[in-house]
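Here is the file work.cif (mmCIF, C-alpha atoms and all ligand atoms).
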```cif
data_final
#
loop_
_atom_site.label_atom_id
_atom_site.label_comp_id
_atom_site.auth_asym_id
_atom_site.auth_seq_id
_atom_site.Cartn_x
_atom_site.Cartn_y
_atom_site.Cartn_z
CA MET Z 3 -5.13 -1.87 -13.48
CA PHE Z 4 -2.36 -4.45 -13.21
CA THR Z 5 -1.96 -7.63 -15.23
CA LEU Z 6 0.85 -10.07 -14.52
CA LYS Z 7 1.96 -12.53 -17.19
CA SER Z 8 4.31 -15.48 -16.56
CA LEU Z 9 6.10 -13.57 -13.84
CA LYS Z 10 9.02 -15.18 -12.08
CA TYR Z 11 11.24 -13.65 -9.43
CA LYS Z 12 14.19 -15.77 -8.27
CA ASP Z 13 12.68 -18.84 -6.63
CA ILE Z 14 10.28 -16.67 -4.67
CA LEU Z 15 7.46 -15.85 -7.11
CA ASP Z 16 6.02 -17.92 -9.94
CA ILE Z 17 2.81 -16.35 -11.25
CA LYS Z 18 1.26 -17.52 -14.50
CA ASN Z 19 -1.48 -14.93 -14.64
CA MET Z 20 -2.91 -12.50 -12.13
CA SER Z 21 -4.81 -9.23 -12.28
CA MET Z 22 -5.87 -6.43 -9.97
CA GLU Z 23 -8.78 -4.36 -11.28
CA LYS Z 24 -9.18 -0.60 -11.28
CA GLY Z 25 -11.40 0.79 -8.54
CA GLN Z 26 -11.46 -2.51 -6.69
CA ILE Z 27 -10.13 -3.73 -3.37
CA THR Z 28 -7.71 -6.62 -3.73
CA SER Z 29 -6.26 -8.34 -0.68
CA ILE Z 30 -3.18 -10.55 -0.68
CA ILE Z 31 -2.88 -13.20 2.00
CA GLY Z 32 -0.57 -16.15 2.57
CA GLU Z 33 1.90 -17.56 5.07
CA SER Z 34 5.02 -15.67 6.12
CA GLY Z 35 7.69 -15.92 3.43
CA SER Z 36 5.22 -16.74 0.64
CA GLY Z 37 6.29 -13.61 -1.25
CA LYS Z 38 3.51 -11.10 -0.49
CA THR Z 39 5.83 -8.15 0.10
CA THR Z 40 7.96 -9.16 -2.89
CA LEU Z 41 4.85 -9.15 -5.09
CA LEU Z 42 3.74 -5.72 -3.88
CA LYS Z 43 7.22 -4.27 -4.47
CA HIS Z 44 6.98 -5.39 -8.11
CA LEU Z 45 3.89 -3.23 -8.60
CA ASN Z 46 5.71 0.07 -8.05
CA LYS Z 47 8.96 -1.15 -9.61
CA MET Z 48 10.98 -1.39 -6.43
CA ILE Z 49 11.75 -4.87 -7.76
CA SER Z 50 11.79 -6.03 -11.39
CA PRO Z 51 10.86 -9.57 -12.35
CA SER Z 52 13.51 -12.14 -13.33
CA SER Z 53 11.24 -12.97 -16.26
CA GLY Z 54 7.72 -12.20 -17.44
CA GLU Z 55 5.95 -8.87 -17.54
CA ILE Z 56 3.64 -6.67 -15.51
CA TYR Z 57 1.25 -4.32 -17.29
CA TYR Z 58 -0.07 -1.12 -15.70
CA LYS Z 59 -3.09 0.16 -17.60
CA SER Z 60 -1.97 -1.99 -20.55
CA THR Z 61 1.58 -0.56 -20.66
CA PRO Z 62 4.50 -2.80 -19.64
CA LEU Z 63 6.03 -1.52 -16.40
CA SER Z 64 9.44 -1.88 -18.03
CA GLN Z 65 8.44 1.02 -20.30
CA ILE Z 66 7.22 3.31 -17.53
CA ASP Z 67 9.55 5.69 -15.71
CA SER Z 68 9.81 4.65 -12.02
CA VAL Z 69 9.45 8.17 -10.63
CA LYS Z 70 6.39 8.86 -12.77
CA LEU Z 71 4.87 5.53 -11.79
CA ARG Z 72 5.40 6.16 -8.08
CA ARG Z 73 3.47 9.42 -8.25
CA GLU Z 74 0.42 7.32 -9.11
CA VAL Z 75 1.22 4.03 -7.40
CA VAL Z 76 2.17 4.63 -3.79
CA MET Z 77 3.34 1.94 -1.40
CA LEU Z 78 3.18 1.90 2.36
CA ALA Z 79 6.00 -0.33 3.60
CA GLN Z 80 5.54 -3.14 6.10
CA THR Z 81 7.82 -1.37 8.58
CA PRO Z 82 6.74 2.26 8.90
CA ILE Z 83 9.48 4.82 8.39
CA ALA Z 84 9.84 7.90 10.60
CA TYR Z 85 11.62 10.96 9.25
CA ARG Z 86 13.29 13.23 11.78
CA GLY Z 87 11.03 16.15 12.62
CA SER Z 88 7.43 16.83 13.59
CA ILE Z 89 4.29 14.90 12.80
CA ARG Z 90 3.46 17.64 10.28
CA ASP Z 91 6.82 17.10 8.51
CA ASN Z 92 6.13 13.39 8.36
CA LEU Z 93 2.64 13.83 6.96
CA LEU Z 94 3.86 16.20 4.24
CA ILE Z 95 7.00 14.37 3.18
CA GLY Z 96 5.28 12.05 0.72
CA LEU Z 97 3.89 15.05 -1.18
CA LYS Z 98 7.33 16.65 -1.13
CA PHE Z 99 9.05 13.53 -2.48
CA SER Z 100 6.59 13.28 -5.33
CA GLN Z 101 6.80 17.02 -6.03
CA LYS Z 102 3.18 17.73 -5.21
CA GLU Z 103 1.78 20.81 -3.47
CA PRO Z 104 1.52 20.70 0.35
CA VAL Z 105 -1.94 20.60 1.96
CA PRO Z 106 -3.18 22.90 4.78
CA ASP Z 107 -3.00 22.00 8.48
CA THR Z 108 -6.77 21.55 8.58
CA THR Z 109 -6.42 18.57 6.21
CA LEU Z 110 -3.56 17.13 8.26
CA GLU Z 111 -5.55 17.52 11.48
CA TYR Z 112 -8.53 15.82 9.86
CA MET Z 113 -6.30 12.88 8.92
CA LEU Z 114 -4.84 12.59 12.42
CA GLU Z 115 -8.32 12.60 13.88
CA HIS Z 116 -9.59 9.97 11.48
CA THR Z 117 -6.61 7.68 11.96
CA GLY Z 118 -7.09 8.05 15.71
CA VAL Z 119 -3.76 9.70 16.51
CA LYS Z 120 -4.36 12.01 19.46
CA LYS Z 121 -1.33 14.24 18.96
CA LYS Z 122 -0.54 17.74 17.73
CA LEU Z 123 1.02 18.45 14.34
CA ASP Z 124 4.02 20.09 16.04
CA ASP Z 125 4.72 17.06 18.25
CA SER Z 126 7.94 15.19 17.55
CA ILE Z 127 7.63 11.96 15.56
CA GLU Z 128 10.03 10.26 17.95
CA ASP Z 129 7.52 10.16 20.79
CA LEU Z 130 4.98 8.04 18.93
CA SER Z 131 4.21 4.42 19.68
CA GLY Z 132 4.64 1.82 16.91
CA GLY Z 133 0.90 1.79 16.25
CA GLU Z 134 0.70 5.59 16.13
CA LEU Z 135 3.62 5.73 13.70
CA GLN Z 136 1.88 3.18 11.52
CA ARG Z 137 -1.25 5.34 11.47
CA VAL Z 138 0.70 8.52 10.66
CA SER Z 139 2.41 6.63 7.82
CA LEU Z 140 -0.95 5.55 6.46
CA ALA Z 141 -2.24 9.13 6.70
CA ARG Z 142 0.86 10.24 4.78
CA VAL Z 143 0.08 8.01 1.81
CA ILE Z 144 -3.66 8.81 1.74
CA ILE Z 145 -2.84 12.54 1.69
CA MET Z 146 -0.95 11.93 -1.56
CA LYS Z 147 -4.25 10.85 -3.17
CA PRO Z 148 -2.62 8.16 -5.26
CA GLU Z 149 -4.36 6.36 -8.09
CA VAL Z 150 -3.27 3.04 -6.57
CA LEU Z 151 -2.58 2.47 -2.90
CA LEU Z 152 -0.32 -0.49 -2.04
CA LEU Z 153 -0.50 -1.29 1.66
CA ASP Z 154 1.75 -3.88 3.29
CA GLU Z 155 0.00 -5.00 6.48
CA PRO Z 156 -1.24 -1.51 7.38
CA SER Z 157 -2.75 -2.65 10.65
CA SER Z 158 -0.19 -5.15 11.96
CA ALA Z 159 0.72 -3.03 15.01
CA LEU Z 160 -2.89 -2.27 15.92
CA ASP Z 161 -5.52 -3.83 18.16
CA SER Z 162 -8.57 -5.20 16.34
CA GLU Z 163 -10.75 -2.17 17.11
CA SER Z 164 -8.19 0.30 15.68
CA GLU Z 165 -7.59 -2.06 12.78
CA LYS Z 166 -11.25 -1.96 11.86
CA LYS Z 167 -11.30 1.84 11.89
CA ILE Z 168 -8.14 2.13 9.81
CA ILE Z 169 -9.32 -0.34 7.20
CA GLU Z 170 -12.67 1.46 6.99
CA LEU Z 171 -10.82 4.71 6.40
CA VAL Z 172 -8.77 3.39 3.48
CA ILE Z 173 -11.77 1.64 1.99
CA ASP Z 174 -13.88 4.81 2.20
CA TYR Z 175 -11.06 6.75 0.59
CA SER Z 176 -10.76 4.27 -2.30
CA LYS Z 177 -14.49 3.96 -2.91
CA GLU Z 178 -15.27 7.69 -2.69
CA ASN Z 179 -12.46 8.56 -5.08
CA ASN Z 180 -12.69 5.49 -7.31
CA LYS Z 181 -9.10 4.54 -6.47
CA THR Z 182 -7.53 1.10 -6.55
CA LEU Z 183 -6.55 -0.49 -3.25
CA ILE Z 184 -4.21 -3.47 -3.02
CA MET Z 185 -3.32 -4.59 0.47
CA ILE Z 186 -1.54 -7.38 2.26
CA THR Z 187 -3.19 -8.50 5.43
CA HIS Z 188 -2.71 -11.25 8.01
CA SER Z 189 -6.41 -11.23 8.73
CA GLU Z 190 -8.09 -13.61 6.30
CA ASP Z 191 -11.56 -12.96 7.74
CA MET Z 192 -11.18 -9.23 7.21
CA ALA Z 193 -9.80 -9.76 3.71
CA ARG Z 194 -12.78 -11.91 2.69
CA GLU Z 195 -15.24 -9.46 4.21
CA VAL Z 196 -14.02 -6.25 2.57
CA SER Z 197 -12.34 -7.27 -0.70
CA ASP Z 198 -13.56 -7.65 -4.25
CA LYS Z 199 -10.78 -10.19 -4.76
CA VAL Z 200 -8.55 -12.19 -2.41
CA ILE Z 201 -5.24 -13.51 -3.73
CA VAL Z 202 -3.71 -16.37 -1.77
CA LEU Z 203 0.03 -16.92 -2.19
CA GLU Z 204 1.61 -20.24 -1.28
CA LYS Z 205 5.28 -21.01 -0.87
CA ASN Z 206 6.92 -22.78 -3.83
CA LYS Z 207 3.68 -22.95 -5.79
CA THR Z 208 2.73 -21.53 -9.15
CA TYR Z 209 -0.10 -19.02 -8.86
CA LYS Z 210 -2.67 -19.18 -11.61
CA GLU Z 211 -5.85 -17.17 -11.69
CA ALA Z 212 -8.97 -19.07 -12.57
N1 LIG Z 301 15.66 -9.16 -2.02
C1 LIG Z 301 15.54 -10.44 -1.74
N2 LIG Z 301 16.40 -11.34 -2.27
C2 LIG Z 301 16.28 -12.65 -2.00
N3 LIG Z 301 15.34 -13.17 -1.21
C3 LIG Z 301 14.46 -12.33 -0.64
C4 LIG Z 301 14.50 -10.93 -0.89
N4 LIG Z 301 13.49 -10.34 -0.18
C5 LIG Z 301 12.84 -11.34 0.44
N5 LIG Z 301 13.41 -12.52 0.16
C6 LIG Z 301 12.93 -13.86 0.58
O1 LIG Z 301 11.78 -14.10 -0.21
C7 LIG Z 301 10.78 -14.77 0.53
C8 LIG Z 301 9.51 -13.97 0.48
O2 LIG Z 301 9.68 -12.76 1.24
P1 LIG Z 301 8.52 -11.72 1.43
O3 LIG Z 301 9.06 -10.63 2.29
O4 LIG Z 301 7.98 -11.35 0.11
O5 LIG Z 301 7.45 -12.61 2.21
P2 LIG Z 301 6.07 -12.19 2.88
O6 LIG Z 301 5.03 -13.10 2.33
O7 LIG Z 301 5.84 -10.74 2.74
O8 LIG Z 301 6.31 -12.57 4.41
P3 LIG Z 301 5.79 -11.86 5.76
O9 LIG Z 301 4.36 -12.28 5.93
O10 LIG Z 301 6.67 -12.44 6.81
O11 LIG Z 301 5.97 -10.38 5.61
C9 LIG Z 301 11.38 -14.99 1.91
O12 LIG Z 301 11.87 -16.30 1.96
C10 LIG Z 301 12.48 -13.96 2.01
O13 LIG Z 301 13.50 -14.41 2.84
MG MG Z 302 5.82 -9.18 4.05
#
```
Have the structure of the file written as structure tokens, please.
Ligand SMILES: Nc1ncnc2c1ncn2[C@@H]1O[C@H](COP(=O)(O)OP(=O)(O)OP(=O)(O)O)[C@@H](O)[C@H]1O
Ligand SMILES: [Mg+2]
Amino acid sequence: MFTLKSLKYKDILDIKNMSMEKGQITSIIGESGSGKTTLLKHLNKMISPSSGEIYYKSTPLSQIDSVKLRREVVMLAQTPIAYRGSIRDNLLIGLKFSQKEPVPDTTLEYMLEHTGVKKKLDDSIEDLSGGELQRVSLARVIIMKPEVLLLDEPSSALDSESEKKIIELVIDYSKENNKTLIMITHSEDMAREVSDKVIVLEKNKTYKEA
């Protein structure tokens, strides 16, 4: 799905060759500051490399329109964002931004239930805990049914039991729909257990895939 060739970004990333395959689960791990978030941001063109190229389905990202790309490649940021309004508004806003049709309340309620958020759609977003907001944000990106889901530590604010449930949910989504999942996680054990491929980034080191 993605192939990276001789990618450099400032003195943060130096990647000789790397790939993430379609329909697979790829996890990215590594110490804080090793460039995990920076790498993920490259994949939906929030950042462009200083040199080198990234290919998405064999086309250089530099030749793909950012807006078009982000309808297919959706990123969930490390710090969840709340938009003023209700939980419903927040669940639907991703679809709105990417000019897709809204989905019915029954779908939204299903997502709340399966992410373990015990709230009503009309409840204000401001009353949620950090972990609940993180789960609503994850629900928002799954609802968009993207081709590629980029998740930056989707379970960092959650206890290990909730984390397990959330990760199962995204994995089920990807497998059932043959979507590509690329996620950053701090949990190496979990990464090794659920992923087809684990990428380990190290500070100030060239990454080269075997
Ligand atoms: N836009 C930027 N310009 C310059 N340096 C940056 C920029 N964004 C991040 N950095 C630096 O790049 C390095 C990698 O940051 P990044 O956020 O990718 O790390 P990370 O592996 O995601 O860390 P964490 O696990 O703490 O989230 C850090 O040293 C950070 O300070
Ligand atoms: Mg990060």
**Message:** Give me, as an NGL selection string, the set of residues whose atoms come within 8 Å of any atom of ligand MG 302 (chain Z), counting all atoms listed in the file.
**Reply:** :Z and (34-35 or 37-40 or 80 or 154-155 or 186)
**Request:** Quick one: pull the distance between atom C7 of ligand LIG 301 (chain Z) and atom CA of Ser53 of chain Z, Å, one decimal.
**Result:** 16.9 Å
**Prompt:** Which one of Z:Leu45, Z:Ile169, Z:Leu6, Z:Ala193 sits closest to Leu71 of chain Z if you count all atoms listed in the file?
**Reply:**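 That would be Z:Leu45, the residue with the smallest distance to Leu71 of chain Z.
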**Request:** Let me have all residues with an atom within 12 Å of ligand LIG 301 (chain Z), counting all atoms listed in the file, laid out as number ranges by chain.
**Result:** Z: 11-16, 30-44, 48-52, 79-81, 153-156, 158, 185-189, 201-206
**Request:** Please identify all polymer residues within 8 Å of Ile145 of chain Z, counting all atoms listed in the file, omitting same-chain residues fewer than 4 positions from it, and present them as a list in words.
**Result:**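 In the requested format, the answer is Leu93, Leu97 and Ala141 of chain Z.
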**Exercise: Thr28 of chain Z partners within 8 Å, all atoms listed in the file, chain neighbours under 2 positions left out, as a PyMOL selection string** = chain Z and resi 22-23+26+30+183-185+197-201
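In this model, the gap between atom CA of Tyr57 of chain Z and atom CA of Ser8 of chain Z comes to 11.6 Å.
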**Asked** Do you know which residues are at most 7 Å from Val75 of chain Z counting all atoms listed in the file, after dropping those on the same chain fewer than 2 positions away, and could you put them as a PyMOL selection string?
**Response** chain Z and resi 46+71-73+77+148-151
**Atom pair atom CA of Leu114 of chain Z / atom CA of Val172 of chain Z: separation (Å)** =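 Going from atom CA of Leu114 of chain Z over to atom CA of Val172 of chain Z covers 13.4 Å.
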**Item:** All residues 12 Å or closer to Lys18 of chain Z, all atoms listed in the file, same chain fewer than 6 positions away omitted, as a list in words
**Value:**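 After dropping sequence-adjacent residues, the list is Thr5, Leu6, Lys7, Ser8, Leu9, Lys10, Tyr11, Ser53, Gly54, Glu55, Ile56, Lys207, Thr208, Tyr209, Lys210, Glu211 and Ala212 of chain Z.
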Selected residues, C-alpha atoms, written as a compact mmCIF listing (two decimals), in the coordinates of the input, please.
```
# COMPACT_ATOMS: atom_id res chain seq x y z
CA THR Z 5 -1.96 -7.63 -15.23
CA LEU Z 6 0.85 -10.07 -14.52
CA LYS Z 7 1.96 -12.53 -17.19
CA SER Z 8 4.31 -15.48 -16.56
CA LEU Z 9 6.10 -13.57 -13.84
CA LYS Z 10 9.02 -15.18 -12.08
CA TYR Z 11 11.24 -13.65 -9.43
CA SER Z 53 11.24 -12.97 -16.26
CA GLY Z 54 7.72 -12.20 -17.44
CA GLU Z 55 5.95 -8.87 -17.54
CA ILE Z 56 3.64 -6.67 -15.51
CA LYS Z 207 3.68 -22.95 -5.79
CA THR Z 208 2.73 -21.53 -9.15
CA TYR Z 209 -0.10 -19.02 -8.86
CA LYS Z 210 -2.67 -19.18 -11.61
CA GLU Z 211 -5.85 -17.17 -11.69
CA ALA Z 212 -8.97 -19.07 -12.57
```
**Message:** List the spatial neighbours of Lys167 of chain Z as number ranges by chain - criterion: any atom at most 9 Å away, only C-alpha atoms, same-chain residues fewer than 5 positions off excluded.
**Reply:** Z: 116-118, 162, 172
The selected residues should be written to file as a short mmCIF file (atom, residue, chain, number, x, y, z; two decimals), keeping the file's coordinate frame (atoms: C-alpha atoms).
```
data_model
loop_
_atom_site.label_atom_id
_atom_site.label_comp_id
_atom_site.auth_asym_id
_atom_site.auth_seq_id
_atom_site.Cartn_x
_atom_site.Cartn_y
_atom_site.Cartn_z
CA HIS Z 116 -9.59 9.97 11.48
CA THR Z 117 -6.61 7.68 11.96
CA GLY Z 118 -7.09 8.05 15.71
CA SER Z 162 -8.57 -5.20 16.34
CA VAL Z 172 -8.77 3.39 3.48
#
```
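Counting only C-alpha atoms and comparing Z:Val196, Z:Leu63, Z:Ile89, Z:Leu171, the residue that lies closest to Ile127 of chain Z is Z:Ile89.
Residue nearest Asp129 of chain Z within the list Z:Lys70, Z:Arg86, Z:Lys177, Z:Lys47: Z:Arg86 [criterion: smallest interatomic distance, only C-alpha atoms].
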**Asked** Quick one: of Z:Tyr175, Z:Phe4, Z:Tyr112, Z:Tyr85, who's nearest to Ser139 of chain Z, counting only C-alpha atoms?
**Response**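 Closest candidate: Z:Tyr85.
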**Prompt:** Pick from Z:Met146, Z:Ala84, Z:Met113, Z:Met20: nearest to Gln101 of chain Z, with all atoms listed in the file counted?
**Reply:**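 Of Z:Met146, Z:Ala84, Z:Met113, Z:Met20, the one nearest Gln101 of chain Z is Z:Met146, counting all atoms listed in the file.
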Some atoms are absent from segment 132-143 of chain Z, so rebuild all heavy atoms and return them as a PDB file, keeping the file's coordinate frame.
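File result-v2.pdb, as written:
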```
ATOM      1  N   GLY Z 132       4.575   2.512  18.207  1.00  0.00           N
ATOM      2  CA  GLY Z 132       4.640   1.820  16.910  1.00  0.00           C
ATOM      3  C   GLY Z 132       3.327   1.916  16.148  1.00  0.00           C
ATOM      4  O   GLY Z 132       3.311   2.167  14.947  1.00  0.00           O
ATOM      5  N   GLY Z 133       2.222   1.736  16.881  1.00  0.00           N
ATOM      6  CA  GLY Z 133       0.900   1.790  16.250  1.00  0.00           C
ATOM      7  C   GLY Z 133       0.567   3.189  15.753  1.00  0.00           C
ATOM      8  O   GLY Z 133      -0.010   3.359  14.681  1.00  0.00           O
ATOM      9  N   GLU Z 134       0.956   4.198  16.542  1.00  0.00           N
ATOM     10  CA  GLU Z 134       0.700   5.590  16.130  1.00  0.00           C
ATOM     11  C   GLU Z 134       1.512   5.942  14.889  1.00  0.00           C
ATOM     12  O   GLU Z 134       1.021   6.586  13.963  1.00  0.00           O
ATOM     13  CB  GLU Z 134       1.041   6.558  17.270  1.00  0.00           C
ATOM     14  CG  GLU Z 134       0.005   6.566  18.377  1.00  0.00           C
ATOM     15  CD  GLU Z 134       0.478   7.270  19.641  1.00  0.00           C
ATOM     16  OE1 GLU Z 134       1.712   7.448  19.834  1.00  0.00           O
ATOM     17  OE2 GLU Z 134      -0.383   7.625  20.466  1.00  0.00           O
ATOM     18  N   LEU Z 135       2.760   5.462  14.868  1.00  0.00           N
ATOM     19  CA  LEU Z 135       3.620   5.730  13.700  1.00  0.00           C
ATOM     20  C   LEU Z 135       3.035   5.072  12.455  1.00  0.00           C
ATOM     21  O   LEU Z 135       3.049   5.644  11.364  1.00  0.00           O
ATOM     22  CB  LEU Z 135       5.040   5.220  13.973  1.00  0.00           C
ATOM     23  CG  LEU Z 135       6.038   5.421  12.842  1.00  0.00           C
ATOM     24  CD1 LEU Z 135       6.194   6.904  12.506  1.00  0.00           C
ATOM     25  CD2 LEU Z 135       7.403   4.826  13.216  1.00  0.00           C
ATOM     26  N   GLN Z 136       2.502   3.880  12.641  1.00  0.00           N
ATOM     27  CA  GLN Z 136       1.880   3.180  11.520  1.00  0.00           C
ATOM     28  C   GLN Z 136       0.686   3.981  10.985  1.00  0.00           C
ATOM     29  O   GLN Z 136       0.495   4.108   9.770  1.00  0.00           O
ATOM     30  CB  GLN Z 136       1.437   1.795  11.976  1.00  0.00           C
ATOM     31  CG  GLN Z 136       1.137   0.869  10.818  1.00  0.00           C
ATOM     32  CD  GLN Z 136       0.957  -0.566  11.265  1.00  0.00           C
ATOM     33  OE1 GLN Z 136       0.373  -0.823  12.329  1.00  0.00           O
ATOM     34  NE2 GLN Z 136       1.434  -1.503  10.481  1.00  0.00           N
ATOM     35  N   ARG Z 137      -0.085   4.572  11.898  1.00  0.00           N
ATOM     36  CA  ARG Z 137      -1.250   5.340  11.470  1.00  0.00           C
ATOM     37  C   ARG Z 137      -0.857   6.650  10.788  1.00  0.00           C
ATOM     38  O   ARG Z 137      -1.482   7.061   9.814  1.00  0.00           O
ATOM     39  CB  ARG Z 137      -2.169   5.600  12.668  1.00  0.00           C
ATOM     40  CG  ARG Z 137      -2.969   4.347  12.993  1.00  0.00           C
ATOM     41  CD  ARG Z 137      -3.844   4.537  14.177  1.00  0.00           C
ATOM     42  NE  ARG Z 137      -3.124   4.237  15.408  1.00  0.00           N
ATOM     43  CZ  ARG Z 137      -3.675   4.305  16.617  1.00  0.00           C
ATOM     44  NH1 ARG Z 137      -4.915   4.690  16.743  1.00  0.00           N
ATOM     45  NH2 ARG Z 137      -2.976   3.988  17.673  1.00  0.00           N
ATOM     46  N   VAL Z 138       0.206   7.290  11.308  1.00  0.00           N
ATOM     47  CA  VAL Z 138       0.700   8.520  10.660  1.00  0.00           C
ATOM     48  C   VAL Z 138       1.212   8.185   9.252  1.00  0.00           C
ATOM     49  O   VAL Z 138       0.980   8.923   8.298  1.00  0.00           O
ATOM     50  CB  VAL Z 138       1.823   9.192  11.510  1.00  0.00           C
ATOM     51  CG1 VAL Z 138       2.545  10.270  10.714  1.00  0.00           C
ATOM     52  CG2 VAL Z 138       1.231   9.793  12.785  1.00  0.00           C
ATOM     53  N   SER Z 139       1.877   7.043   9.131  1.00  0.00           N
ATOM     54  CA  SER Z 139       2.410   6.630   7.820  1.00  0.00           C
ATOM     55  C   SER Z 139       1.274   6.383   6.832  1.00  0.00           C
ATOM     56  O   SER Z 139       1.359   6.740   5.653  1.00  0.00           O
ATOM     57  CB  SER Z 139       3.245   5.354   7.946  1.00  0.00           C
ATOM     58  OG  SER Z 139       4.260   5.539   8.886  1.00  0.00           O
ATOM     59  N   LEU Z 140       0.207   5.789   7.318  1.00  0.00           N
ATOM     60  CA  LEU Z 140      -0.950   5.550   6.460  1.00  0.00           C
ATOM     61  C   LEU Z 140      -1.581   6.881   6.046  1.00  0.00           C
ATOM     62  O   LEU Z 140      -1.920   7.078   4.869  1.00  0.00           O
ATOM     63  CB  LEU Z 140      -1.971   4.680   7.207  1.00  0.00           C
ATOM     64  CG  LEU Z 140      -3.209   4.319   6.404  1.00  0.00           C
ATOM     65  CD1 LEU Z 140      -2.840   3.433   5.230  1.00  0.00           C
ATOM     66  CD2 LEU Z 140      -4.230   3.598   7.278  1.00  0.00           C
ATOM     67  N   ALA Z 141      -1.695   7.796   7.013  1.00  0.00           N
ATOM     68  CA  ALA Z 141      -2.240   9.130   6.700  1.00  0.00           C
ATOM     69  C   ALA Z 141      -1.364   9.789   5.634  1.00  0.00           C
ATOM     70  O   ALA Z 141      -1.878  10.406   4.705  1.00  0.00           O
ATOM     71  CB  ALA Z 141      -2.275   9.986   7.966  1.00  0.00           C
ATOM     72  N   ARG Z 142      -0.060   9.629   5.732  1.00  0.00           N
ATOM     73  CA  ARG Z 142       0.860  10.240   4.780  1.00  0.00           C
ATOM     74  C   ARG Z 142       0.584   9.771   3.346  1.00  0.00           C
ATOM     75  O   ARG Z 142       0.594  10.567   2.418  1.00  0.00           O
ATOM     76  CB  ARG Z 142       2.307   9.897   5.159  1.00  0.00           C
ATOM     77  CG  ARG Z 142       3.328  10.365   4.145  1.00  0.00           C
ATOM     78  CD  ARG Z 142       4.734  10.204   4.679  1.00  0.00           C
ATOM     79  NE  ARG Z 142       5.099   8.826   4.892  1.00  0.00           N
ATOM     80  CZ  ARG Z 142       5.784   8.368   5.939  1.00  0.00           C
ATOM     81  NH1 ARG Z 142       6.181   9.175   6.883  1.00  0.00           N
ATOM     82  NH2 ARG Z 142       6.069   7.101   6.025  1.00  0.00           N
ATOM     83  N   VAL Z 143       0.321   8.489   3.175  1.00  0.00           N
ATOM     84  CA  VAL Z 143       0.080   8.010   1.810  1.00  0.00           C
ATOM     85  C   VAL Z 143      -1.322   8.366   1.303  1.00  0.00           C
ATOM     86  O   VAL Z 143      -1.502   8.613   0.123  1.00  0.00           O
ATOM     87  CB  VAL Z 143       0.381   6.489   1.630  1.00  0.00           C
ATOM     88  CG1 VAL Z 143       1.851   6.222   1.827  1.00  0.00           C
ATOM     89  CG2 VAL Z 143      -0.466   5.619   2.517  1.00  0.00           C
TER      90      VAL Z 143
END
```
